[in-house]
file structure_26.pdb (PDB, C-alpha atoms and all ligand atoms)
MODEL        1
ATOM      1  CA  MET N   1     -59.535  31.725  27.376  1.00  0.00           C
ATOM      2  CA  LYS N   2     -59.284  32.627  23.688  1.00  0.00           C
ATOM      3  CA  HIS N   3     -56.588  35.202  24.469  1.00  0.00           C
ATOM      4  CA  PHE N   4     -54.739  32.709  26.565  1.00  0.00           C
ATOM      5  CA  LEU N   5     -54.751  30.133  23.713  1.00  0.00           C
ATOM      6  CA  THR N   6     -53.524  32.701  21.184  1.00  0.00           C
ATOM      7  CA  ALA N   7     -50.726  33.746  23.531  1.00  0.00           C
ATOM      8  CA  PHE N   8     -49.748  30.108  24.092  1.00  0.00           C
ATOM      9  CA  LEU N   9     -49.658  29.424  20.343  1.00  0.00           C
ATOM     10  CA  CYS N  10     -47.545  32.553  19.825  1.00  0.00           C
ATOM     11  CA  ILE N  11     -45.020  31.377  22.422  1.00  0.00           C
ATOM     12  CA  LEU N  12     -44.920  27.910  20.836  1.00  0.00           C
ATOM     13  CA  LEU N  13     -44.336  29.443  17.368  1.00  0.00           C
ATOM     14  CA  SER N  14     -41.568  31.728  18.676  1.00  0.00           C
ATOM     15  CA  CYS N  15     -39.876  28.752  20.278  1.00  0.00           C
ATOM     16  CA  ALA N  16     -39.985  26.842  16.983  1.00  0.00           C
ATOM     17  CA  VAL N  17     -38.527  29.830  15.118  1.00  0.00           C
ATOM     18  CA  LEU N  18     -35.741  30.179  17.708  1.00  0.00           C
ATOM     19  CA  VAL N  19     -34.845  26.452  17.508  1.00  0.00           C
ATOM     20  CA  ALA N  20     -34.795  26.590  13.694  1.00  0.00           C
ATOM     21  CA  ALA N  21     -32.591  29.702  13.762  1.00  0.00           C
ATOM     22  CA  ALA N  22     -30.193  28.120  16.259  1.00  0.00           C
ATOM     23  CA  TYR N  23     -29.938  24.977  14.126  1.00  0.00           C
ATOM     24  CA  GLY N  24     -29.327  27.138  11.044  1.00  0.00           C
ATOM     25  CA  ILE N  25     -26.474  28.990  12.769  1.00  0.00           C
ATOM     26  CA  PHE N  26     -24.989  25.673  13.943  1.00  0.00           C
ATOM     27  CA  ALA N  27     -25.182  24.157  10.429  1.00  0.00           C
ATOM     28  CA  VAL N  28     -23.619  27.212   8.777  1.00  0.00           C
ATOM     29  CA  SER N  29     -20.819  27.435  11.335  1.00  0.00           C
ATOM     30  CA  SER N  30     -19.929  23.749  11.079  1.00  0.00           C
ATOM     31  CA  TYR N  31     -19.975  24.037   7.266  1.00  0.00           C
ATOM     32  CA  LEU N  32     -17.648  27.055   7.455  1.00  0.00           C
ATOM     33  CA  GLY N  33     -15.496  25.212   9.973  1.00  0.00           C
ATOM     34  CA  ASN N  34     -15.056  22.359   7.512  1.00  0.00           C
ATOM     35  CA  ILE N  35     -14.171  24.709   4.696  1.00  0.00           C
ATOM     36  CA  LEU N  36     -11.738  26.774   6.749  1.00  0.00           C
ATOM     37  CA  SER N  37      -9.927  23.869   8.433  1.00  0.00           C
ATOM     38  CA  PRO N  38     -10.548  20.702   6.398  1.00  0.00           C
ATOM     39  CA  LYS N  39      -7.310  18.973   7.473  1.00  0.00           C
ATOM     40  CA  SER N  40      -7.617  17.499  10.911  1.00  0.00           C
ATOM     41  CA  THR N  41      -4.841  15.107  12.019  1.00  0.00           C
ATOM     42  CA  SER N  42      -7.116  12.116  11.610  1.00  0.00           C
ATOM     43  CA  VAL N  43      -7.711  12.946   7.939  1.00  0.00           C
ATOM     44  CA  ASN N  44      -3.951  13.274   7.448  1.00  0.00           C
ATOM     45  CA  ASN N  45      -3.391   9.944   9.152  1.00  0.00           C
ATOM     46  CA  GLU N  46      -5.359   8.237   6.444  1.00  0.00           C
ATOM     47  CA  ASP N  47      -3.516   9.969   3.643  1.00  0.00           C
ATOM     48  CA  ILE N  48      -0.219   8.080   3.274  1.00  0.00           C
ATOM     49  CA  LYS N  49      -1.974   4.732   3.693  1.00  0.00           C
ATOM     50  CA  LYS N  50      -4.300   5.724   0.859  1.00  0.00           C
ATOM     51  CA  THR N  51      -1.707   7.132  -1.526  1.00  0.00           C
ATOM     52  CA  VAL N  52       1.241   4.775  -1.107  1.00  0.00           C
ATOM     53  CA  THR N  53       1.587   1.491  -2.999  1.00  0.00           C
ATOM     54  CA  VAL N  54       3.421  -1.319  -1.259  1.00  0.00           C
ATOM     55  CA  ILE N  55       5.113  -3.448  -3.900  1.00  0.00           C
ATOM     56  CA  LEU N  56       5.505  -7.041  -2.761  1.00  0.00           C
ATOM     57  CA  ASP N  57       8.204  -8.897  -4.606  1.00  0.00           C
ATOM     58  CA  ALA N  58       8.134 -12.679  -4.249  1.00  0.00           C
ATOM     59  CA  GLY N  59      11.715 -13.653  -5.104  1.00  0.00           C
ATOM     60  CA  HIS N  60      12.553 -16.209  -7.828  1.00  0.00           C
ATOM     61  CA  GLY N  61       9.881 -18.193  -9.725  1.00  0.00           C
ATOM     62  CA  GLY N  62       9.537 -20.492 -12.725  1.00  0.00           C
ATOM     63  CA  ILE N  63      12.784 -22.331 -13.533  1.00  0.00           C
ATOM     64  CA  ASP N  64      14.534 -20.314 -10.802  1.00  0.00           C
ATOM     65  CA  GLY N  65      13.501 -22.132  -7.638  1.00  0.00           C
ATOM     66  CA  GLY N  66      15.876 -20.253  -5.311  1.00  0.00           C
ATOM     67  CA  ALA N  67      17.152 -22.048  -2.217  1.00  0.00           C
ATOM     68  CA  VAL N  68      16.078 -25.645  -1.556  1.00  0.00           C
ATOM     69  CA  GLY N  69      15.619 -26.991   1.973  1.00  0.00           C
ATOM     70  CA  ALA N  70      16.792 -30.386   3.233  1.00  0.00           C
ATOM     71  CA  ARG N  71      13.166 -31.569   3.099  1.00  0.00           C
ATOM     72  CA  GLY N  72      12.879 -30.293  -0.452  1.00  0.00           C
ATOM     73  CA  THR N  73      11.044 -27.066   0.377  1.00  0.00           C
ATOM     74  CA  LEU N  74      11.410 -24.632  -2.539  1.00  0.00           C
ATOM     75  CA  GLU N  75      12.146 -21.008  -1.733  1.00  0.00           C
ATOM     76  CA  LYS N  76      10.128 -19.636  -4.683  1.00  0.00           C
ATOM     77  CA  ASP N  77       6.879 -21.215  -3.377  1.00  0.00           C
ATOM     78  CA  LEU N  78       7.289 -19.922   0.181  1.00  0.00           C
ATOM     79  CA  ASN N  79       8.212 -16.448  -1.100  1.00  0.00           C
ATOM     80  CA  LEU N  80       5.039 -16.261  -3.157  1.00  0.00           C
ATOM     81  CA  ASP N  81       2.851 -17.459  -0.303  1.00  0.00           C
ATOM     82  CA  VAL N  82       4.307 -14.978   2.220  1.00  0.00           C
ATOM     83  CA  ALA N  83       4.024 -12.127  -0.324  1.00  0.00           C
ATOM     84  CA  LYS N  84       0.361 -13.033  -0.954  1.00  0.00           C
ATOM     85  CA  LYS N  85      -0.425 -13.190   2.775  1.00  0.00           C
ATOM     86  CA  LEU N  86       1.310  -9.856   3.319  1.00  0.00           C
ATOM     87  CA  SER N  87      -0.621  -8.319   0.433  1.00  0.00           C
ATOM     88  CA  GLU N  88      -3.909  -9.588   1.891  1.00  0.00           C
ATOM     89  CA  ALA N  89      -3.157  -8.179   5.354  1.00  0.00           C
ATOM     90  CA  LEU N  90      -2.211  -4.768   3.951  1.00  0.00           C
ATOM     91  CA  THR N  91      -5.200  -4.660   1.603  1.00  0.00           C
ATOM     92  CA  LYS N  92      -7.488  -5.380   4.564  1.00  0.00           C
ATOM     93  CA  ALA N  93      -5.970  -2.367   6.330  1.00  0.00           C
ATOM     94  CA  GLY N  94      -6.776  -0.195   3.303  1.00  0.00           C
ATOM     95  CA  VAL N  95      -3.271  -0.068   1.780  1.00  0.00           C
ATOM     96  CA  LYS N  96      -2.797  -0.503  -1.965  1.00  0.00           C
ATOM     97  CA  THR N  97      -0.435  -3.308  -2.917  1.00  0.00           C
ATOM     98  CA  LEU N  98       1.140  -4.522  -6.126  1.00  0.00           C
ATOM     99  CA  MET N  99       2.744  -7.934  -6.532  1.00  0.00           C
ATOM    100  CA  THR N 100       5.624  -8.365  -8.988  1.00  0.00           C
ATOM    101  CA  ARG N 101       4.375 -11.901  -9.598  1.00  0.00           C
ATOM    102  CA  THR N 102       1.279 -13.775  -8.507  1.00  0.00           C
ATOM    103  CA  GLU N 103       2.198 -17.093 -10.132  1.00  0.00           C
ATOM    104  CA  ASP N 104       5.107 -19.471 -10.425  1.00  0.00           C
ATOM    105  CA  VAL N 105       6.871 -17.578 -13.250  1.00  0.00           C
ATOM    106  CA  MET N 106      10.019 -15.633 -14.089  1.00  0.00           C
ATOM    107  CA  LEU N 107       9.447 -12.091 -15.291  1.00  0.00           C
ATOM    108  CA  THR N 108      12.097 -12.190 -17.997  1.00  0.00           C
ATOM    109  CA  ALA N 109      11.071 -10.416 -21.213  1.00  0.00           C
ATOM    110  CA  GLU N 110      11.178 -12.427 -24.480  1.00  0.00           C
ATOM    111  CA  GLY N 111      14.601 -12.455 -26.080  1.00  0.00           C
ATOM    112  CA  ALA N 112      16.593 -11.426 -22.978  1.00  0.00           C
ATOM    113  CA  SER N 113      20.101 -12.876 -23.125  1.00  0.00           C
ATOM    114  CA  SER N 114      20.193 -13.803 -19.417  1.00  0.00           C
ATOM    115  CA  LYS N 115      16.999 -15.138 -17.876  1.00  0.00           C
ATOM    116  CA  LYS N 116      18.020 -14.248 -14.313  1.00  0.00           C
ATOM    117  CA  ASN N 117      19.166 -10.699 -15.149  1.00  0.00           C
ATOM    118  CA  GLY N 118      16.078 -10.142 -17.284  1.00  0.00           C
ATOM    119  CA  ASP N 119      13.879 -11.253 -14.393  1.00  0.00           C
ATOM    120  CA  LEU N 120      15.569  -8.877 -11.937  1.00  0.00           C
ATOM    121  CA  ARG N 121      15.492  -6.008 -14.436  1.00  0.00           C
ATOM    122  CA  ALA N 122      11.738  -6.510 -14.918  1.00  0.00           C
ATOM    123  CA  ARG N 123      11.165  -6.332 -11.135  1.00  0.00           C
ATOM    124  CA  LEU N 124      13.257  -3.174 -10.942  1.00  0.00           C
ATOM    125  CA  GLN N 125      11.243  -1.614 -13.772  1.00  0.00           C
ATOM    126  CA  ILE N 126       7.973  -2.328 -11.941  1.00  0.00           C
ATOM    127  CA  ALA N 127       9.250  -0.529  -8.823  1.00  0.00           C
ATOM    128  CA  GLU N 128      10.676   2.419 -10.736  1.00  0.00           C
ATOM    129  CA  GLY N 129       7.366   2.794 -12.570  1.00  0.00           C
ATOM    130  CA  VAL N 130       5.452   3.531  -9.339  1.00  0.00           C
ATOM    131  CA  GLU N 131       6.252   6.938  -7.929  1.00  0.00           C
ATOM    132  CA  ASN N 132       4.984   6.739  -4.355  1.00  0.00           C
ATOM    133  CA  CYS N 133       5.849   3.240  -3.233  1.00  0.00           C
ATOM    134  CA  LEU N 134       7.657   1.019  -0.772  1.00  0.00           C
ATOM    135  CA  PHE N 135       9.348  -2.058  -2.188  1.00  0.00           C
ATOM    136  CA  VAL N 136       9.451  -5.201  -0.042  1.00  0.00           C
ATOM    137  CA  SER N 137      11.214  -8.237  -1.468  1.00  0.00           C
ATOM    138  CA  ILE N 138      10.550 -11.627   0.131  1.00  0.00           C
ATOM    139  CA  HIS N 139      13.214 -14.372   0.174  1.00  0.00           C
ATOM    140  CA  MET N 140      14.333 -17.422   2.135  1.00  0.00           C
ATOM    141  CA  ASN N 141      17.968 -17.898   3.093  1.00  0.00           C
ATOM    142  CA  LYS N 142      20.472 -20.756   2.962  1.00  0.00           C
ATOM    143  CA  PHE N 143      23.900 -21.145   4.606  1.00  0.00           C
ATOM    144  CA  PRO N 144      26.527 -23.941   4.788  1.00  0.00           C
ATOM    145  CA  ASP N 145      26.421 -23.888   8.628  1.00  0.00           C
ATOM    146  CA  SER N 146      23.034 -25.472   9.335  1.00  0.00           C
ATOM    147  CA  SER N 147      22.857 -24.051  12.873  1.00  0.00           C
ATOM    148  CA  VAL N 148      22.381 -20.506  11.532  1.00  0.00           C
ATOM    149  CA  LYS N 149      18.759 -19.317  11.717  1.00  0.00           C
ATOM    150  CA  GLY N 150      16.570 -16.207  12.039  1.00  0.00           C
ATOM    151  CA  MET N 151      15.114 -13.489   9.864  1.00  0.00           C
ATOM    152  CA  THR N 152      17.489 -10.933   8.330  1.00  0.00           C
ATOM    153  CA  PHE N 153      16.671  -7.520   6.872  1.00  0.00           C
ATOM    154  CA  TYR N 154      18.613  -5.825   4.086  1.00  0.00           C
ATOM    155  CA  TYR N 155      17.993  -2.208   3.122  1.00  0.00           C
ATOM    156  CA  SER N 156      18.804  -0.307  -0.043  1.00  0.00           C
ATOM    157  CA  PRO N 157      21.528   2.344   0.322  1.00  0.00           C
ATOM    158  CA  ASN N 158      19.844   4.636  -2.242  1.00  0.00           C
ATOM    159  CA  HIS N 159      16.931   6.000  -0.198  1.00  0.00           C
ATOM    160  CA  PRO N 160      17.188   7.005   3.498  1.00  0.00           C
ATOM    161  CA  GLU N 161      13.732   5.580   4.281  1.00  0.00           C
ATOM    162  CA  SER N 162      14.865   2.062   3.346  1.00  0.00           C
ATOM    163  CA  ARG N 163      16.806   1.785   6.582  1.00  0.00           C
ATOM    164  CA  VAL N 164      13.941   3.232   8.655  1.00  0.00           C
ATOM    165  CA  LEU N 165      11.468   0.726   7.207  1.00  0.00           C
ATOM    166  CA  ALA N 166      13.890  -2.183   7.676  1.00  0.00           C
ATOM    167  CA  GLU N 167      14.438  -1.216  11.321  1.00  0.00           C
ATOM    168  CA  ALA N 168      10.668  -1.017  11.928  1.00  0.00           C
ATOM    169  CA  MET N 169      10.291  -4.534  10.519  1.00  0.00           C
ATOM    170  CA  ARG N 170      13.294  -5.931  12.408  1.00  0.00           C
ATOM    171  CA  GLN N 171      12.045  -4.526  15.719  1.00  0.00           C
ATOM    172  CA  ALA N 172       8.541  -5.912  15.199  1.00  0.00           C
ATOM    173  CA  VAL N 173       9.963  -9.370  14.452  1.00  0.00           C
ATOM    174  CA  VAL N 174      12.137  -9.341  17.582  1.00  0.00           C
ATOM    175  CA  GLU N 175       9.197  -8.149  19.705  1.00  0.00           C
ATOM    176  CA  LYS N 176       6.506 -10.445  18.341  1.00  0.00           C
ATOM    177  CA  LEU N 177       8.040 -13.441  16.578  1.00  0.00           C
ATOM    178  CA  GLN N 178      11.714 -14.114  17.320  1.00  0.00           C
ATOM    179  CA  PRO N 179      12.745 -12.614  20.685  1.00  0.00           C
ATOM    180  CA  GLU N 180      16.107 -14.398  20.489  1.00  0.00           C
ATOM    181  CA  ASN N 181      16.946 -12.939  17.055  1.00  0.00           C
ATOM    182  CA  LYS N 182      20.100 -10.795  17.328  1.00  0.00           C
ATOM    183  CA  ARG N 183      20.833 -10.630  13.607  1.00  0.00           C
ATOM    184  CA  PRO N 184      21.704  -7.054  12.632  1.00  0.00           C
ATOM    185  CA  MET N 185      20.188  -5.348   9.605  1.00  0.00           C
ATOM    186  CA  LYS N 186      22.530  -5.082   6.673  1.00  0.00           C
ATOM    187  CA  GLU N 187      23.002  -2.504   3.938  1.00  0.00           C
ATOM    188  CA  ALA N 188      22.640  -4.208   0.556  1.00  0.00           C
ATOM    189  CA  GLY N 189      25.859  -4.409  -1.421  1.00  0.00           C
ATOM    190  CA  SER N 190      26.286  -4.846  -5.165  1.00  0.00           C
ATOM    191  CA  SER N 191      25.538  -8.580  -4.881  1.00  0.00           C
ATOM    192  CA  ILE N 192      21.869  -7.740  -4.241  1.00  0.00           C
ATOM    193  CA  TYR N 193      20.995  -6.483  -7.727  1.00  0.00           C
ATOM    194  CA  LEU N 194      17.588  -4.970  -6.966  1.00  0.00           C
ATOM    195  CA  LEU N 195      18.369  -3.136  -3.740  1.00  0.00           C
ATOM    196  CA  HIS N 196      21.677  -1.899  -5.096  1.00  0.00           C
ATOM    197  CA  ARG N 197      19.972  -0.187  -8.055  1.00  0.00           C
ATOM    198  CA  ILE N 198      16.474   0.740  -6.870  1.00  0.00           C
ATOM    199  CA  THR N 199      15.766   4.398  -6.044  1.00  0.00           C
ATOM    200  CA  ARG N 200      12.584   3.684  -3.991  1.00  0.00           C
ATOM    201  CA  PRO N 201      12.555   2.905  -0.246  1.00  0.00           C
ATOM    202  CA  ALA N 202      13.322  -0.805  -0.401  1.00  0.00           C
ATOM    203  CA  VAL N 203      13.834  -3.707   2.007  1.00  0.00           C
ATOM    204  CA  LEU N 204      14.678  -7.325   1.323  1.00  0.00           C
ATOM    205  CA  VAL N 205      13.426  -9.755   3.949  1.00  0.00           C
ATOM    206  CA  GLU N 206      15.221 -13.072   4.290  1.00  0.00           C
ATOM    207  CA  CYS N 207      12.442 -14.865   6.174  1.00  0.00           C
ATOM    208  CA  GLY N 208      14.608 -17.651   7.551  1.00  0.00           C
ATOM    209  CA  PHE N 209      17.166 -20.336   6.692  1.00  0.00           C
ATOM    210  CA  LEU N 210      15.965 -23.356   4.731  1.00  0.00           C
ATOM    211  CA  SER N 211      19.348 -24.891   5.599  1.00  0.00           C
ATOM    212  CA  ASN N 212      18.289 -25.036   9.257  1.00  0.00           C
ATOM    213  CA  ALA N 213      16.006 -28.058   9.790  1.00  0.00           C
ATOM    214  CA  TYR N 214      13.971 -26.419  12.575  1.00  0.00           C
ATOM    215  CA  GLU N 215      13.444 -23.207  10.649  1.00  0.00           C
ATOM    216  CA  GLU N 216      12.641 -25.094   7.454  1.00  0.00           C
ATOM    217  CA  SER N 217       9.852 -26.947   9.263  1.00  0.00           C
ATOM    218  CA  LEU N 218       8.555 -23.666  10.700  1.00  0.00           C
ATOM    219  CA  LEU N 219       8.588 -21.973   7.286  1.00  0.00           C
ATOM    220  CA  ALA N 220       6.826 -24.961   5.763  1.00  0.00           C
ATOM    221  CA  SER N 221       3.941 -24.394   8.189  1.00  0.00           C
ATOM    222  CA  GLU N 222       1.107 -22.295   6.815  1.00  0.00           C
ATOM    223  CA  GLU N 223       0.207 -21.065  10.286  1.00  0.00           C
ATOM    224  CA  TYR N 224       3.751 -19.772  10.917  1.00  0.00           C
ATOM    225  CA  ARG N 225       3.833 -17.991   7.548  1.00  0.00           C
ATOM    226  CA  GLU N 226       0.476 -16.391   8.352  1.00  0.00           C
ATOM    227  CA  ARG N 227       1.810 -15.132  11.703  1.00  0.00           C
ATOM    228  CA  MET N 228       5.008 -13.860  10.099  1.00  0.00           C
ATOM    229  CA  ALA N 229       3.126 -12.008   7.352  1.00  0.00           C
ATOM    230  CA  GLY N 230       0.879 -10.475  10.038  1.00  0.00           C
ATOM    231  CA  VAL N 231       3.871  -9.168  11.996  1.00  0.00           C
ATOM    232  CA  LEU N 232       5.472  -7.733   8.842  1.00  0.00           C
ATOM    233  CA  ALA N 233       2.186  -6.086   7.800  1.00  0.00           C
ATOM    234  CA  GLU N 234       1.782  -4.515  11.257  1.00  0.00           C
ATOM    235  CA  ALA N 235       5.335  -3.168  11.030  1.00  0.00           C
ATOM    236  CA  ILE N 236       4.665  -1.603   7.624  1.00  0.00           C
ATOM    237  CA  LEU N 237       1.429  -0.063   8.926  1.00  0.00           C
ATOM    238  CA  SER N 238       3.118   1.458  11.979  1.00  0.00           C
ATOM    239  CA  TYR N 239       5.919   2.729   9.741  1.00  0.00           C
ATOM    240  CA  LEU N 240       3.245   4.497   7.630  1.00  0.00           C
ATOM    241  CA  ASP N 241       1.610   5.902  10.795  1.00  0.00           C
ATOM    242  CA  ALA N 242       4.972   7.300  11.895  1.00  0.00           C
ATOM    243  CA  GLN N 243       5.406   8.874   8.449  1.00  0.00           C
ATOM    244  CA  ASN N 244       1.994  10.536   8.808  1.00  0.00           C
ATOM    245  CA  ALA N 245       2.807  11.842  12.276  1.00  0.00           C
ATOM    246  CA  GLU N 246       6.088  13.281  10.980  1.00  0.00           C
ATOM    247  CA  GLN N 247       4.344  14.924   8.046  1.00  0.00           C
ATOM    248  CA  SER N 248       1.592  16.530  10.105  1.00  0.00           C
ATOM    249  CA  SER N 249       3.883  17.824  12.882  1.00  0.00           C
TER     250      SER N 249
HETATM  251 ZN    ZN P   1      16.188 -15.766  -2.718  1.00  0.00          ZN
ENDMDL
END

call {"tool": "encode", "arguments": {"input": "structure_26.pdb", "output": "structure tokens", "more": "lines below"}}
Ligand SMILES: [Zn+2]
result
Amino acid sequence: MKHFLTAFLCILLSCAVLVAAAYGIFAVSSYLGNILSPKSTSVNNEDIKKTVTVILDAGHGGIDGGAVGARGTLEKDLNLDVAKKLSEALTKAGVKTLMTRTEDVMLTAEGASSKKNGDLRARLQIAEGVENCLFVSIHMNKFPDSSVKGMTFYYSPNHPESRVLAEAMRQAVVEKLQPENKRPMKEAGSSIYLLHRITRPAVLVECGFLSNAYEESLLASEEYRERMAGVLAEAILSYLDAQNAEQSS
């Protein structure tokens, strides 16, 4: 009986040693595996979203109210609200954002001869000061023909990604918000100061026409602006995913 017990204990001990050894080999090999191939696709997928800064530019501000709707809606206020909502949605998804303004102000530096030019120059300087960024400017439109409505996307001619980002946003809007919207994207000409000069990937979103009574009432609704910002944020996120996929392929 004594011999039997000793033998049993020996077997038990050997088993424990074997399990410990197997675990050791597993731990070492997974450690080596991590060292030798640390970049799986999923790690890469996180990268651009973690390194890029999305600059959200709420157009106008302060004494520059921008377009005014028939019901008195001020463009500058809607721009700021949409930019804030967009910033919140992107921040929630783990993307860094930077707003050119967070209050009802112009960005003109003291002593600038033209307030409007100074304001635009300051916005441009913010964008050019951030190396890895996307620039998204938020505006509301106005047109003499009050039947004209729908979102419009302008892209900067100076960086090829501007057009790609604008197309991603336009498609998302047609799919999820305005299925009847046939407005083509437009390359920004010299009349759009910021997009004409900026060297970063840049898009200007005209969120709708305040000169159209129906669209003005939509834009004045907090719920609609929330939905719109959500669609734009999703488009930016899928654009970043596509960038990651391109980079890792
Ligand atoms: Zn504007």

call {"tool": "closest_residue", "arguments": {"input": "structure_26.pdb", "among": "N:Val174, N:Met169, N:Ala93, N:Cys133", "to": "Leu56 of chain N", "atoms": "all atoms listed in the file"}}
result
N:Cys133

call {"tool": "atom_distance", "arguments": {"input": "structure_26.pdb", "atom1": "atom CA of Arg225 of chain N", "atom2": "atom CA of Lys176 of chain N"}}
result
13.4 Å

call {"tool": "residues_near_ligand", "arguments": {"input": "structure_26.pdb", "ligand": "ligand ZN 1 (chain P)", "cutoff": "10 Å", "atoms": "all atoms listed in the file", "output": "PyMOL selection string"}}
result
chain N and resi 58-61+64-68+75-76+79+137-142+192+204-207

call {"tool": "closest_residue", "arguments": {"input": "structure_26.pdb", "among": "N:Asp145, N:Asn117, N:Leu90, N:Glu222", "to": "Ser238 of chain N", "atoms": "only C-alpha atoms"}}
result
N:Leu90

call {"tool": "closest_residue", "arguments": {"input": "structure_26.pdb", "among": "N:Pro157, N:Gly129, N:Gly208, N:Gly230", "to": "His196 of chain N", "atoms": "all atoms listed in the file"}}
result
N:Pro157
